[in-house]
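Participant: So that you have it, the file is model01.csv, and it contains CSV, C-alpha atoms:
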```csv
chain,number,residue,atom,x,y,z
A,1,MET,CA,0.0,0.0,0.0
A,2,PHE,CA,2.7,2.5,1.1
A,3,ASN,CA,6.1,1.6,-0.3
A,4,HIS,CA,8.2,4.7,0.3
A,5,GLY,CA,7.9,6.1,3.8
A,6,LEU,CA,9.4,9.3,5.2
A,7,VAL,CA,10.0,9.4,9.0
A,8,CYS,CA,10.5,13.0,10.1
A,9,THR,CA,12.0,13.4,13.6
A,10,ASP,CA,13.3,16.2,15.7
A,11,PHE,CA,14.8,13.7,18.3
A,12,THR,CA,12.1,14.7,20.9
A,13,ASP,CA,9.1,12.9,19.3
A,14,GLY,CA,10.1,9.3,19.9
A,15,LEU,CA,10.1,8.6,16.1
A,16,ASP,CA,13.9,8.5,16.0
A,17,LYS,CA,13.6,5.1,17.7
A,18,MET,CA,12.4,3.7,14.4
A,19,ILE,CA,16.0,3.6,13.2
A,20,HIS,CA,16.2,0.4,15.2
A,21,PHE,CA,13.1,-1.1,13.7
A,22,VAL,CA,13.7,-0.9,10.0
A,23,SER,CA,12.9,-4.6,9.5
A,24,ALA,CA,9.6,-4.3,11.4
A,25,LEU,CA,8.7,-1.4,9.1
A,26,GLY,CA,9.5,-3.7,6.2
A,27,GLU,CA,7.1,-6.3,7.6
A,28,GLY,CA,4.5,-3.5,7.6
A,29,GLY,CA,4.8,-3.1,3.8
A,30,PHE,CA,7.5,-0.5,3.3
A,31,LYS,CA,10.2,-1.2,0.7
A,32,GLU,CA,12.1,2.1,1.3
A,33,ILE,CA,12.4,4.3,4.4
A,34,THR,CA,13.9,7.7,4.6
A,35,PHE,CA,14.8,9.3,7.9
A,36,LEU,CA,14.8,13.1,7.9
A,37,HIS,CA,16.0,15.6,10.5
A,38,SER,CA,16.1,19.4,10.0
A,39,VAL,CA,18.8,21.5,11.6
A,40,ALA,CA,18.1,25.2,12.2
A,41,ILE,CA,20.3,27.7,10.4
A,42,TRP,CA,23.0,29.0,12.7
A,43,ASN,CA,22.3,32.7,13.1
A,44,GLU,CA,25.2,33.7,15.3
A,45,GLY,CA,27.3,36.3,13.6
A,46,GLU,CA,26.4,38.6,10.7
A,47,ILE,CA,25.8,35.9,8.1
A,48,PRO,CA,23.5,32.9,8.7
A,49,ARG,CA,25.1,29.6,7.9
A,50,ILE,CA,24.7,25.9,8.1
A,51,ASP,CA,25.6,24.5,11.5
A,52,LYS,CA,27.9,21.7,10.3
A,53,ASP,CA,28.5,20.3,13.8
A,54,LYS,CA,24.8,19.7,14.4
A,55,VAL,CA,24.4,18.3,10.9
A,56,GLU,CA,27.1,15.7,11.5
A,57,GLU,CA,25.8,15.0,15.0
A,58,ALA,CA,22.3,14.3,13.6
A,59,LYS,CA,23.7,12.0,10.9
A,60,LYS,CA,25.5,10.1,13.5
A,61,LYS,CA,22.3,9.7,15.5
A,62,LEU,CA,20.5,8.3,12.5
A,63,SER,CA,23.2,6.1,11.2
A,64,PRO,CA,22.1,2.9,13.0
A,65,ALA,CA,19.2,2.8,10.6
A,66,LEU,CA,21.8,1.7,7.9
A,67,ASN,CA,22.8,-1.4,9.9
A,68,ASN,CA,21.2,-4.7,9.1
A,69,VAL,CA,18.9,-3.4,6.4
A,70,PRO,CA,16.8,-6.4,5.2
A,71,GLU,CA,17.2,-7.6,1.7
A,72,LYS,CA,15.0,-5.8,-0.8
A,73,MET,CA,14.7,-2.8,1.5
A,74,LYS,CA,16.4,0.5,1.1
A,75,VAL,CA,17.2,3.1,3.8
A,76,ASN,CA,18.1,6.8,3.3
A,77,ILE,CA,19.3,9.4,5.8
A,78,GLU,CA,18.7,13.1,5.1
A,79,VAL,CA,19.9,15.9,7.5
A,80,LEU,CA,19.0,19.2,6.0
A,81,SER,CA,19.2,22.8,7.2
A,82,GLY,CA,16.5,25.4,7.1
A,83,ASN,CA,12.7,25.3,7.4
A,84,PRO,CA,11.4,21.8,8.4
A,85,SER,CA,8.3,22.0,6.2
A,86,ASP,CA,10.3,23.0,3.1
A,87,ASN,CA,12.8,20.2,3.8
A,88,ILE,CA,10.0,17.7,4.1
A,89,LEU,CA,8.5,18.7,0.8
A,90,ALA,CA,11.9,18.6,-0.9
A,91,THR,CA,12.6,15.1,0.4
A,92,ILE,CA,9.2,13.9,-0.7
A,93,LYS,CA,10.0,14.9,-4.2
A,94,LYS,CA,13.5,13.5,-4.1
A,95,TYR,CA,12.5,10.0,-2.9
A,96,ASN,CA,9.0,9.7,-4.4
A,97,ILE,CA,7.6,9.4,-0.9
A,98,ASP,CA,4.0,8.1,-0.6
A,99,LEU,CA,3.5,8.4,3.2
A,100,VAL,CA,4.9,11.0,5.6
A,101,ILE,CA,5.2,9.8,9.2
A,102,THR,CA,5.5,12.6,11.7
A,103,GLY,CA,5.1,13.3,15.4
A,104,SER,CA,2.8,15.9,16.8
A,105,PRO,CA,1.9,16.4,20.5
A,106,VAL,CA,-1.6,16.7,21.7
A,107,SER,CA,-2.6,20.4,21.7
A,108,THR,CA,-5.5,22.7,22.0
A,109,SER,CA,-7.1,24.5,19.0
A,110,LEU,CA,-5.9,27.8,20.3
A,111,GLU,CA,-2.3,26.6,20.6
A,112,GLN,CA,-2.5,25.5,17.0
A,113,ILE,CA,-3.9,28.8,15.9
A,114,PHE,CA,-1.3,31.1,17.5
A,115,PHE,CA,1.8,28.9,17.6
A,116,GLY,CA,1.1,26.3,14.8
A,117,SER,CA,3.4,23.3,14.2
A,118,THR,CA,5.3,21.7,11.4
A,119,THR,CA,2.5,19.1,11.1
A,120,ALA,CA,-0.2,21.8,10.9
A,121,LYS,CA,1.7,23.7,8.3
A,122,LEU,CA,2.1,20.6,6.2
A,123,ARG,CA,-1.6,19.8,6.1
A,124,ASN,CA,-2.3,22.4,3.4
A,125,LYS,CA,0.8,21.7,1.4
A,126,LEU,CA,0.9,17.9,1.2
A,127,ARG,CA,-0.6,16.0,-1.7
A,128,ILE,CA,0.1,12.6,-0.1
A,129,PRO,CA,-1.1,11.0,3.2
A,130,MET,CA,0.4,11.8,6.5
A,131,MET,CA,0.5,9.6,9.5
A,132,ILE,CA,0.6,11.4,12.9
A,133,LEU,CA,1.9,9.7,15.9
A,134,ARG,CA,1.9,11.1,19.4
A,135,PRO,CA,5.3,11.6,21.0
A,136,GLN,CA,3.8,10.9,24.5
A,137,LEU,CA,2.8,7.5,23.3
A,138,MET,CA,5.8,6.5,21.1
A,139,SER,CA,8.3,7.4,23.8
A,140,VAL,CA,7.0,5.0,26.4
A,141,TYR,CA,6.8,1.9,24.2
A,142,ARG,CA,9.1,-0.9,25.1
A,143,ASN,CA,11.1,-2.5,22.2
A,144,ASP,CA,8.6,-5.3,21.6
A,145,GLU,CA,5.7,-2.9,21.7
A,146,PHE,CA,7.5,-0.5,19.3
A,147,ALA,CA,8.3,-3.3,16.9
A,148,LEU,CA,4.6,-4.4,16.9
A,149,ARG,CA,3.5,-0.9,16.3
A,150,CYS,CA,5.8,-0.6,13.3
A,151,ARG,CA,4.5,-3.8,11.8
A,152,ASN,CA,0.9,-2.8,12.2
A,153,LEU,CA,0.8,0.9,11.4
A,154,ASN,CA,-1.8,0.4,8.7
A,155,ASN,CA,-3.5,-2.9,9.1
A,156,PHE,CA,-6.8,-1.7,10.7
A,157,TRP,CA,-8.3,1.7,10.0
A,158,LEU,CA,-11.3,3.3,11.7
A,159,VAL,CA,-13.0,5.6,9.2
A,160,PRO,CA,-15.5,8.1,10.6
A,161,TYR,CA,-18.1,8.4,7.8
A,162,ASN,CA,-21.2,10.6,7.4
A,163,HIS,CA,-21.3,10.9,3.6
A,164,ALA,CA,-19.8,14.4,3.4
A,165,PRO,CA,-17.7,15.1,0.2
A,166,HIS,CA,-14.4,14.6,2.1
A,167,HIS,CA,-15.6,11.2,3.3
A,168,HIS,CA,-16.5,10.2,-0.2
A,169,TYR,CA,-12.9,11.2,-1.1
A,170,ILE,CA,-11.3,9.0,1.5
A,171,LEU,CA,-13.6,6.1,0.5
A,172,GLU,CA,-12.3,6.3,-3.0
A,173,LYS,CA,-8.7,6.6,-1.8
A,174,ILE,CA,-9.2,3.4,0.3
A,175,ARG,CA,-10.6,1.6,-2.7
A,176,SER,CA,-7.5,2.5,-4.8
A,177,TYR,CA,-5.1,1.4,-2.0
A,178,VAL,CA,-6.9,-1.9,-1.6
A,179,GLU,CA,-6.7,-2.6,-5.3
A,180,ILE,CA,-3.0,-2.1,-5.2
A,181,ASP,CA,-2.3,-3.6,-1.9
A,182,LYS,CA,-4.5,-6.7,-2.2
A,183,GLY,CA,-4.9,-6.9,1.6
A,184,ASN,CA,-1.2,-7.4,2.4
A,185,THR,CA,-1.0,-4.4,4.6
A,186,LEU,CA,-4.5,-2.9,5.1
A,187,GLN,CA,-6.5,-5.9,6.3
A,188,GLU,CA,-9.6,-4.3,8.0
A,189,CYS,CA,-11.6,-1.2,7.8
A,190,LEU,CA,-14.4,-0.1,10.1
A,191,PHE,CA,-16.7,2.6,8.7
A,192,LEU,CA,-18.4,4.5,11.5
A,193,SER,CA,-21.4,6.8,11.2
A,194,VAL,CA,-22.5,8.7,14.3
A,195,ILE,CA,-26.0,10.2,14.4
A,196,ASP,CA,-26.1,13.3,16.6
A,197,GLU,CA,-29.2,13.2,18.9
A,198,VAL,CA,-29.8,17.0,18.8
A,199,SER,CA,-33.3,16.5,17.4
A,200,ARG,CA,-36.2,16.1,19.8
A,201,SER,CA,-38.0,13.8,17.4
A,202,GLU,CA,-37.2,10.1,18.1
A,203,ILE,CA,-38.8,9.2,14.8
A,204,LEU,CA,-36.5,11.6,12.9
A,205,THR,CA,-33.4,10.2,14.7
A,206,GLU,CA,-34.4,6.7,14.0
A,207,ASN,CA,-34.9,7.5,10.3
A,208,LYS,CA,-31.4,8.9,10.2
A,209,VAL,CA,-30.0,5.8,11.8
A,210,LYS,CA,-31.7,3.6,9.3
A,211,GLU,CA,-30.6,5.7,6.4
A,212,ALA,CA,-27.0,5.6,7.7
A,213,GLU,CA,-27.2,1.8,8.1
A,214,LYS,CA,-28.4,1.4,4.6
A,215,LYS,CA,-25.6,3.6,3.1
A,216,LEU,CA,-22.9,1.8,5.1
A,217,ALA,CA,-24.4,-1.6,4.1
A,218,ASP,CA,-24.0,-0.5,0.4
A,219,ILE,CA,-20.3,0.4,1.1
A,220,GLN,CA,-19.7,-2.9,2.8
A,221,LYS,CA,-21.3,-4.7,-0.1
A,222,SER,CA,-19.1,-2.9,-2.6
A,223,PHE,CA,-16.1,-4.4,-0.9
A,224,ALA,CA,-17.5,-8.0,-0.9
A,225,SER,CA,-15.0,-9.2,-3.4
A,226,SER,CA,-12.0,-7.3,-2.0
A,227,PRO,CA,-9.3,-9.0,0.2
A,228,ILE,CA,-10.0,-6.8,3.2
A,229,ASN,CA,-12.6,-7.2,6.0
A,230,VAL,CA,-14.9,-4.3,5.9
A,231,GLN,CA,-17.2,-3.7,9.0
A,232,THR,CA,-19.8,-1.0,9.5
A,233,LEU,CA,-21.3,0.5,12.7
A,234,VAL,CA,-23.8,3.2,13.4
A,235,LYS,CA,-23.9,4.9,16.8
A,236,ARG,CA,-26.0,7.6,18.4
A,237,GLY,CA,-24.4,10.5,20.3
A,238,ASN,CA,-21.5,12.9,20.1
A,239,ILE,CA,-19.3,12.0,17.1
A,240,LEU,CA,-16.0,12.6,18.8
A,241,GLU,CA,-16.9,10.7,22.0
A,242,GLU,CA,-18.3,7.8,20.0
A,243,THR,CA,-15.3,7.7,17.7
A,244,PHE,CA,-12.9,7.4,20.6
A,245,LYS,CA,-15.1,4.7,22.2
A,246,VAL,CA,-15.2,2.7,19.0
A,247,ALA,CA,-11.5,3.0,18.5
A,248,PHE,CA,-10.8,1.7,22.0
A,249,ALA,CA,-13.3,-1.2,21.7
A,250,HIS,CA,-12.2,-2.4,18.3
A,251,ASP,CA,-8.4,-2.3,18.7
A,252,VAL,CA,-7.8,-0.2,15.6
A,253,SER,CA,-4.3,0.7,14.4
A,254,ALA,CA,-5.2,4.2,13.2
A,255,ILE,CA,-8.1,6.6,12.5
A,256,ALA,CA,-8.3,7.6,8.9
A,257,LEU,CA,-9.3,11.2,8.2
A,258,ALA,CA,-9.7,13.8,5.5
A,259,ASP,CA,-11.1,17.3,5.4
A,260,ASN,CA,-11.1,20.3,3.1
A,261,LEU,CA,-10.3,23.1,5.5
A,262,LYS,CA,-7.5,25.5,4.9
A,263,GLU,CA,-5.0,26.8,7.4
A,264,ASP,CA,-2.9,29.2,5.5
A,265,SER,CA,-3.1,32.0,8.1
A,266,ILE,CA,-4.2,32.8,11.6
A,267,PHE,CA,-7.4,34.1,10.1
A,268,ASP,CA,-8.1,30.8,8.4
A,269,ARG,CA,-7.5,28.9,11.6
A,270,LEU,CA,-9.9,31.2,13.6
A,271,VAL,CA,-12.6,30.6,10.9
A,272,ASN,CA,-12.0,26.9,11.2
A,273,LEU,CA,-12.3,27.0,14.9
A,274,ALA,CA,-15.6,29.0,14.7
A,275,VAL,CA,-17.0,26.7,12.0
A,276,GLY,CA,-15.9,23.6,13.8
A,277,SER,CA,-14.2,20.5,12.3
A,278,ASN,CA,-14.3,17.0,13.7
A,279,ALA,CA,-11.2,16.1,11.7
A,280,ASN,CA,-9.4,19.2,13.0
A,281,TYR,CA,-10.2,18.3,16.6
A,282,LEU,CA,-9.0,14.7,16.1
A,283,LEU,CA,-5.8,15.9,14.4
A,284,ASN,CA,-5.1,18.1,17.5
A,285,CYS,CA,-6.4,16.0,20.3
A,286,SER,CA,-6.6,12.3,19.5
A,287,TRP,CA,-4.2,9.9,21.2
A,288,PHE,CA,-4.8,7.4,18.5
A,289,PRO,CA,-2.5,7.3,15.5
A,290,LEU,CA,-4.0,9.2,12.6
A,291,ILE,CA,-3.7,8.7,8.9
A,292,TYR,CA,-4.6,12.0,7.3
A,293,PHE,CA,-5.5,12.3,3.6
A,294,PRO,CA,-5.2,15.9,2.3
A,295,MET,CA,-7.8,16.6,-0.4
A,296,ASN,CA,-6.4,17.8,-3.7
A,297,LYS,CA,-7.3,21.5,-3.7
```
With the file now loaded, output its structure as structure tokens.

Facilitator:
Amino acid sequence: MFNHGLVCTDFTDGLDKMIHFVSALGEGGFKEITFLHSVAIWNEGEIPRIDKDKVEEAKKKLSPALNNVPEKMKVNIEVLSGNPSDNILATIKKYNIDLVITGSPVSTSLEQIFFGSTTAKLRNKLRIPMMILRPQLMSVYRNDEFALRCRNLNNFWLVPYNHAPHHHYILEKIRSYVEIDKGNTLQECLFLSVIDEVSRSEILTENKVKEAEKKLADIQKSFASSPINVQTLVKRGNILEETFKVAFAHDVSAIALADNLKEDSIFDRLVNLAVGSNANYLLNCSWFPLIYFPMNK
């Protein structure tokens, strides 16, 4: 499904530990892994310049990834100076990356608005999926747990689905990946629709539930001949609360998301906060690994 992965680490996110689990990433479907670290430009003195000492130090830290590389796998190490977002985009182009793996701490919407993050800035620039892992989670895994996580990054996706345009988009992306992957990596998908009980009419709510069940049944039927196991579920309540409950109960490996919101400026972020976005909230606050599909704008 994903063959060329880019692991972006700042050495505080826990993702640098992946250098010791290249074989496990290979078992998870990757044929090529690139590790990227960005070093800030040294601004001491009159002329900004590359901090060669920090570049060499970072290369040394990442070098164990080159040891014991499995047959038919390739590992690259990139240590670049300058803006992390620009470095990531350049590396994607250089190595034909099809999945970016990055760490992003749990944060509030206001923190994202005023301070931003490399991950947030990438959302509106990427044209390929991005997997977001929480540093607080990755840092506490023991070696066996970390290896298991690397093997199972993408084998069971929970897909919140309410028939919005961006949900149709992610459905088609899943179809295309399944066709290529043949179930070797992505083995299960659970499509979840949550009916908000804001209406005082029980009949109206029941009708919405039945309509959601029918639409999800059609989706499940469309995957009948595919090699993956597709499940569907309709819940009533708050979409965010129910999404987390279902993720816990079904042992998913990641929550798959897409949205069409822009975050080019603080004004855009304030508008998004006012409008509300479940995907935006999950991207900021979910402890579960997330696989984010940017819509081609």

Participant: Rank A:Lys210, A:His250, A:His166, A:Lys173 by their smallest atom-to-atom distance to Ile128 of chain A, using all atoms listed in the file, and report the top residue only.

Facilitator: A:Lys173

Participant: Pick out the residues sitting within 9 Å of Asn87 of chain A, and hand them over as a PDB file with C-alpha atoms, in the coordinates of the input; count only C-alpha atoms, and ignore anything fewer than 6 positions along from it in its own chain.

Facilitator:
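Result went into part-v2.pdb, see below:
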```
ATOM      1  CA  LEU A  36      14.800  13.100   7.900  1.00  0.00           C
ATOM      2  CA  HIS A  37      16.000  15.600  10.500  1.00  0.00           C
ATOM      3  CA  SER A  38      16.100  19.400  10.000  1.00  0.00           C
ATOM      4  CA  LEU A  80      19.000  19.200   6.000  1.00  0.00           C
ATOM      5  CA  SER A  81      19.200  22.800   7.200  1.00  0.00           C
TER       6      SER A  81
END
```

Participant: Between A:Phe244, A:Phe156, A:Tyr161, A:Tyr169, which residue has the minimum interatomic distance to Cys189 of chain A, considering only C-alpha atoms?

Facilitator: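 Of A:Phe244, A:Phe156, A:Tyr161, A:Tyr169, the one nearest Cys189 of chain A, counting only C-alpha atoms, is A:Phe156.
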
Participant: I'd like to know which of A:Ile77, A:Ile33, A:Ile41, A:Leu204 is closest to Ala58 of chain A, using all atoms listed in the file.

Facilitator: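 Comparing A:Ile77, A:Ile33, A:Ile41, A:Leu204 against Ala58 of chain A, the winner is A:Ile77.
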
Participant: Between atom CA of Ala224 of chain A and atom CA of Asn155 of chain A, measure the distance and give it in Å to one decimal.

Facilitator: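 For atom CA of Ala224 of chain A relative to atom CA of Asn155 of chain A, the distance reads 17.9 Å.
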
Participant: Grab the atom CA of Ile219 of chain A to atom CA of Leu186 of chain A distance for me, in Å with one decimal place.

Facilitator: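 About the pair atom CA of Ile219 of chain A and atom CA of Leu186 of chain A: they are 16.6 Å apart.
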
Participant: Taking (-10.2, 9.5, 0.8) in the coordinates of the supplied file, I want to know which residues reach to within 9 Å of it, counting all atoms listed in the file; could you give the answer as JSON, numbers by chain?

Facilitator: {"A": [166, 167, 168, 169, 170, 171, 172, 173, 174, 175, 256, 257, 258, 292, 293, 294, 295]}

Participant: How would the residues just chosen look if you wrote them out with C-alpha atoms as a compact mmCIF listing (two decimals), in the frame of the given file?

Facilitator:
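File written: selection.txt
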```txt
# COMPACT_ATOMS: atom_id res chain seq x y z
CA HIS A 166 -14.40 14.60 2.10
CA HIS A 167 -15.60 11.20 3.30
CA HIS A 168 -16.50 10.20 -0.20
CA TYR A 169 -12.90 11.20 -1.10
CA ILE A 170 -11.30 9.00 1.50
CA LEU A 171 -13.60 6.10 0.50
CA GLU A 172 -12.30 6.30 -3.00
CA LYS A 173 -8.70 6.60 -1.80
CA ILE A 174 -9.20 3.40 0.30
CA ARG A 175 -10.60 1.60 -2.70
CA ALA A 256 -8.30 7.60 8.90
CA LEU A 257 -9.30 11.20 8.20
CA ALA A 258 -9.70 13.80 5.50
CA TYR A 292 -4.60 12.00 7.30
CA PHE A 293 -5.50 12.30 3.60
CA PRO A 294 -5.20 15.90 2.30
CA MET A 295 -7.80 16.60 -0.40
```

Participant: Place all heavy atoms on segment 59-70 of chain A and deliver the coordinates as an mmCIF file, keeping the file's coordinate frame.

Facilitator:
```cif
data_model
loop_
_atom_site.group_PDB
_atom_site.id
_atom_site.type_symbol
_atom_site.label_atom_id
_atom_site.label_comp_id
_atom_site.auth_asym_id
_atom_site.auth_seq_id
_atom_site.Cartn_x
_atom_site.Cartn_y
_atom_site.Cartn_z
ATOM 1 N N LYS A 59 23.403 13.185 11.729
ATOM 2 C CA LYS A 59 23.700 12.000 10.900
ATOM 3 C C LYS A 59 24.192 10.845 11.655
ATOM 4 O O LYS A 59 23.809 9.699 11.388
ATOM 5 C CB LYS A 59 24.715 12.431 9.789
ATOM 6 C CG LYS A 59 24.171 13.353 8.708
ATOM 7 C CD LYS A 59 25.249 13.671 7.685
ATOM 8 C CE LYS A 59 24.705 14.562 6.570
ATOM 9 N NZ LYS A 59 25.745 14.903 5.566
ATOM 10 N N LYS A 60 25.012 11.125 12.660
ATOM 11 C CA LYS A 60 25.500 10.100 13.500
ATOM 12 C C LYS A 60 24.411 9.395 14.299
ATOM 13 O O LYS A 60 24.376 8.168 14.459
ATOM 14 C CB LYS A 60 26.599 10.616 14.451
ATOM 15 C CG LYS A 60 27.307 9.559 15.289
ATOM 16 C CD LYS A 60 28.415 10.179 16.120
ATOM 17 C CE LYS A 60 29.120 9.112 16.956
ATOM 18 N NZ LYS A 60 30.227 9.693 17.776
ATOM 19 N N LYS A 61 23.465 10.207 14.790
ATOM 20 C CA LYS A 61 22.300 9.700 15.500
ATOM 21 C C LYS A 61 21.463 8.754 14.682
ATOM 22 O O LYS A 61 20.921 7.751 15.165
ATOM 23 C CB LYS A 61 21.487 10.795 16.122
ATOM 24 C CG LYS A 61 22.087 11.511 17.317
ATOM 25 C CD LYS A 61 21.116 12.570 17.842
ATOM 26 C CE LYS A 61 21.681 13.277 19.063
ATOM 27 N NZ LYS A 61 20.724 14.311 19.573
ATOM 28 N N LEU A 62 21.316 9.115 13.421
ATOM 29 C CA LEU A 62 20.500 8.300 12.500
ATOM 30 C C LEU A 62 21.153 7.180 11.851
ATOM 31 O O LEU A 62 20.494 6.300 11.289
ATOM 32 C CB LEU A 62 19.867 9.270 11.451
ATOM 33 C CG LEU A 62 18.912 10.366 11.931
ATOM 34 C CD1 LEU A 62 18.512 11.264 10.769
ATOM 35 C CD2 LEU A 62 17.670 9.770 12.584
ATOM 36 N N SER A 63 22.462 7.130 11.927
ATOM 37 C CA SER A 63 23.200 6.100 11.200
ATOM 38 C C SER A 63 22.920 4.676 11.536
ATOM 39 O O SER A 63 23.042 3.806 10.668
ATOM 40 C CB SER A 63 24.739 6.382 11.367
ATOM 41 O OG SER A 63 25.121 6.248 12.728
ATOM 42 N N PRO A 64 22.488 4.339 12.767
ATOM 43 C CA PRO A 64 22.100 2.900 13.000
ATOM 44 C C PRO A 64 21.057 2.385 12.115
ATOM 45 O O PRO A 64 20.927 1.159 11.975
ATOM 46 C CB PRO A 64 21.667 2.961 14.494
ATOM 47 C CG PRO A 64 22.406 4.104 15.104
ATOM 48 C CD PRO A 64 22.461 5.135 14.012
ATOM 49 N N ALA A 65 20.276 3.254 11.484
ATOM 50 C CA ALA A 65 19.200 2.800 10.600
ATOM 51 C C ALA A 65 19.851 2.047 9.369
ATOM 52 O O ALA A 65 19.181 1.220 8.729
ATOM 53 C CB ALA A 65 18.425 3.972 10.050
ATOM 54 N N LEU A 66 21.115 2.318 9.085
ATOM 55 C CA LEU A 66 21.800 1.700 7.900
ATOM 56 C C LEU A 66 22.347 0.319 8.276
ATOM 57 O O LEU A 66 22.835 -0.386 7.392
ATOM 58 C CB LEU A 66 22.900 2.604 7.435
ATOM 59 C CG LEU A 66 22.464 4.009 6.993
ATOM 60 C CD1 LEU A 66 23.690 4.867 6.672
ATOM 61 C CD2 LEU A 66 21.538 3.928 5.792
ATOM 62 N N ASN A 67 22.290 -0.054 9.535
ATOM 63 C CA ASN A 67 22.800 -1.400 9.900
ATOM 64 C C ASN A 67 21.730 -2.436 9.770
ATOM 65 O O ASN A 67 20.580 -2.231 10.113
ATOM 66 C CB ASN A 67 23.236 -1.326 11.420
ATOM 67 C CG ASN A 67 24.340 -0.335 11.677
ATOM 68 O OD1 ASN A 67 25.139 -0.015 10.788
ATOM 69 N ND2 ASN A 67 24.386 0.198 12.894
ATOM 70 N N ASN A 68 22.126 -3.569 9.250
ATOM 71 C CA ASN A 68 21.200 -4.700 9.100
ATOM 72 C C ASN A 68 19.944 -4.423 8.380
ATOM 73 O O ASN A 68 18.851 -4.827 8.793
ATOM 74 C CB ASN A 68 20.893 -5.274 10.539
ATOM 75 C CG ASN A 68 22.129 -5.621 11.349
ATOM 76 O OD1 ASN A 68 23.049 -6.267 10.831
ATOM 77 N ND2 ASN A 68 22.161 -5.180 12.598
ATOM 78 N N VAL A 69 20.096 -3.721 7.269
ATOM 79 C CA VAL A 69 18.900 -3.400 6.400
ATOM 80 C C VAL A 69 18.502 -4.725 5.729
ATOM 81 O O VAL A 69 19.320 -5.393 5.100
ATOM 82 C CB VAL A 69 19.241 -2.352 5.383
ATOM 83 C CG1 VAL A 69 18.045 -2.116 4.471
ATOM 84 C CG2 VAL A 69 19.650 -1.066 6.078
ATOM 85 N N PRO A 70 17.232 -5.111 5.850
ATOM 86 C CA PRO A 70 16.800 -6.400 5.200
ATOM 87 C C PRO A 70 16.960 -6.335 3.706
ATOM 88 O O PRO A 70 16.958 -5.274 3.080
ATOM 89 C CB PRO A 70 15.289 -6.413 5.588
ATOM 90 C CG PRO A 70 15.154 -5.543 6.782
ATOM 91 C CD PRO A 70 16.167 -4.450 6.611
#
```
